[in-house]
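Shown next, in structure tokens, is the structure this report addresses.
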Amino acid sequence: MKHHPLRIFLTVTVILTIFILAGGETVWAVQGGAHALSAPLNQTGFAPAPGKPGPGSVKPPPPFLAICKDGLYSIGGVVTLEIKDLKSGYCVEAVLWNPHFQIRRLPEDAGKPLAHLLFLRVYYAGRLTYEIPPADGNVEACYALPPEKQGQFYFFDFYGMRFKKRTRPPLTWDPLETRIDTEKKTACAFTQVSGVYALVGK
């Protein structure tokens, strides 16, 4: 079978055009079990691409958010993130993550994750940074407690070595001070540091 030179030329041109256009857009992808969560970012690196729900449908809260101002935000309907007094220049990127990530490193008596994990990244002036100092803003995450469950926040220091906060990879998750609201049936903790957070219980 002969290939017409014009067809080959047009095919190569289309492929190159798609490649060049895709190259101008940054894409973050985080693995989460069988599903991958990804969101294209604009040139500032923080605004997720807008989605278009189908006719007559209600769009659920997104599993990925990039936040640069105060407010109360829902991440995938699983966890809420409340940001207060955030100084200009800071942005927080939050995404739901695989609940099986590094669970073998949880303390034996801690239990297991009660929901998807919260993978949080802090940026300052467009660059990934380790944390938001309390003087520069407050970030608090809250999970709904499942019926008849006790929950405790744990933190996995995913970026500790990168920012020279530790000398070796973390061997375990660290418990965080957790605020339990018995009326609202929620568990909350301050999540100022880039890394992975989990609500763990039995």
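Residue numbers start at 1 in each chain; chains themselves are named A, B, ... in the order of the structure tokens; ligands are numbered from 1 in the order shown.
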
Handout entry: Selection: 7 Å around range 95-97 of chain A, only C-alpha atoms, excl. self and same-chain fewer than 3 positions, as a PyMOL selection string
Key = chain A and resi 32+63-65+75+116-120

Problem - Separation of CA of Cys91 in chain A from CA of Val122 in chain A in Å - result: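 About the pair CA of Val122 in chain A and CA of Cys91 in chain A: they are 6.0 Å apart.
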
Long-range neighbours of range 98-106 of chain A as a PDB file with N, CA, C and O atoms, in the first residue's frame, 7 Å cut-off, only C-alpha atoms, 3 positions minimum in chain:
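Contents of out.pdb, freshly written:
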```pdb
ATOM      1  N   GLY A  32      -3.724   8.173  42.434  1.00  0.00           N
ATOM      2  CA  GLY A  32      -4.623   7.875  43.539  1.00  0.00           C
ATOM      3  C   GLY A  32      -5.360   6.587  43.276  1.00  0.00           C
ATOM      4  O   GLY A  32      -6.479   6.590  42.832  1.00  0.00           O
ATOM      5  N   GLY A  33      -4.735   5.467  43.580  1.00  0.00           N
ATOM      6  CA  GLY A  33      -5.364   4.182  43.357  1.00  0.00           C
ATOM      7  C   GLY A  33      -5.533   3.945  41.870  1.00  0.00           C
ATOM      8  O   GLY A  33      -4.624   4.125  41.086  1.00  0.00           O
ATOM      9  N   ALA A 110      -2.861   2.690  65.746  1.00  0.00           N
ATOM     10  CA  ALA A 110      -3.551   3.900  65.309  1.00  0.00           C
ATOM     11  C   ALA A 110      -4.874   3.603  64.608  1.00  0.00           C
ATOM     12  O   ALA A 110      -5.811   4.396  64.662  1.00  0.00           O
ATOM     13  N   PRO A 113      -6.856   4.718  57.772  1.00  0.00           N
ATOM     14  CA  PRO A 113      -7.455   5.953  57.266  1.00  0.00           C
ATOM     15  C   PRO A 113      -8.981   5.809  57.154  1.00  0.00           C
ATOM     16  O   PRO A 113      -9.486   4.797  56.679  1.00  0.00           O
ATOM     17  N   ALA A 115     -10.810   8.087  55.506  1.00  0.00           N
ATOM     18  CA  ALA A 115     -11.223   8.768  54.272  1.00  0.00           C
ATOM     19  C   ALA A 115      -9.994   8.917  53.391  1.00  0.00           C
ATOM     20  O   ALA A 115      -8.880   8.521  53.771  1.00  0.00           O
ATOM     21  N   HIS A 116     -10.187   9.485  52.200  1.00  0.00           N
ATOM     22  CA  HIS A 116      -9.047   9.775  51.331  1.00  0.00           C
ATOM     23  C   HIS A 116      -8.086  10.726  52.042  1.00  0.00           C
ATOM     24  O   HIS A 116      -8.495  11.545  52.871  1.00  0.00           O
ATOM     25  N   LEU A 117      -6.835  10.613  51.703  1.00  0.00           N
ATOM     26  CA  LEU A 117      -5.807  11.472  52.298  1.00  0.00           C
ATOM     27  C   LEU A 117      -5.856  12.859  51.661  1.00  0.00           C
ATOM     28  O   LEU A 117      -6.354  13.037  50.554  1.00  0.00           O
ATOM     29  N   LEU A 171      10.078   7.502  58.832  1.00  0.00           N
ATOM     30  CA  LEU A 171       9.819   6.089  59.072  1.00  0.00           C
ATOM     31  C   LEU A 171       8.376   5.851  59.502  1.00  0.00           C
ATOM     32  O   LEU A 171       7.904   4.712  59.489  1.00  0.00           O
ATOM     33  N   THR A 172       7.692   6.905  59.908  1.00  0.00           N
ATOM     34  CA  THR A 172       6.329   6.756  60.392  1.00  0.00           C
ATOM     35  C   THR A 172       5.564   8.053  60.172  1.00  0.00           C
ATOM     36  O   THR A 172       6.136   9.078  59.797  1.00  0.00           O
ATOM     37  N   TRP A 173       4.257   7.998  60.394  1.00  0.00           N
ATOM     38  CA  TRP A 173       3.405   9.181  60.394  1.00  0.00           C
ATOM     39  C   TRP A 173       3.464   9.806  61.787  1.00  0.00           C
ATOM     40  O   TRP A 173       3.552   9.111  62.789  1.00  0.00           O
TER      41      TRP A 173
END
```

Exercise for the section: Taking the chain letters and numbering used in this document, name the residues of range 38-179 of chain A that DSSP puts in strand (DSSP E or B), as an NGL selection string. Expected result: :A and (38-41 or 48 or 64-67 or 71-75 or 79-84 or 90-97 or 112-113 or 117-124 or 127-129 or 131 or 138-144 or 151-156 or 174-175 or 179)

Handout entry: Closest of A:Tyr130, A:Tyr197, A:Tyr123, A:Tyr73 to Pro175 in chain A - atom-to-atom distances counting only C-alpha atoms
Key =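 Closest candidate: A:Tyr197.
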
Problem - Given only C-alpha atoms as the counted atoms, nearest of A:Leu176, A:Val78, A:Leu199, A:Ala125 to Tyr90 in chain A - result: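 The answer is A:Ala125, which sits nearest to Tyr90 in chain A.
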
Exercise for the section: Extract, using only C-alpha atoms, all DNA, RNA and protein residues at most 12 Å from Leu128 in chain A, discarding same-chain residues fewer than 5 positions from it, and format them as a ChimeraX atom specification. Expected result: /A:45-46,89-93,120-123,159,162-163,193-195

Practice task
Please measure the separation of CA of Gln192 in chain A and CA of Glu140 in chain A, giving the value in Å to one decimal.
Solution key: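 These two atoms are separated by 7.7 Å.
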
Exercise for the section: Return the single residue from A:Pro146, A:Pro170, A:Gly201, A:Gly160 that is closest to Thr129 in chain A, with distances computed using only C-alpha atoms. Expected result: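 Using only C-alpha atoms, the shortest distance to Thr129 in chain A belongs to A:Gly160.
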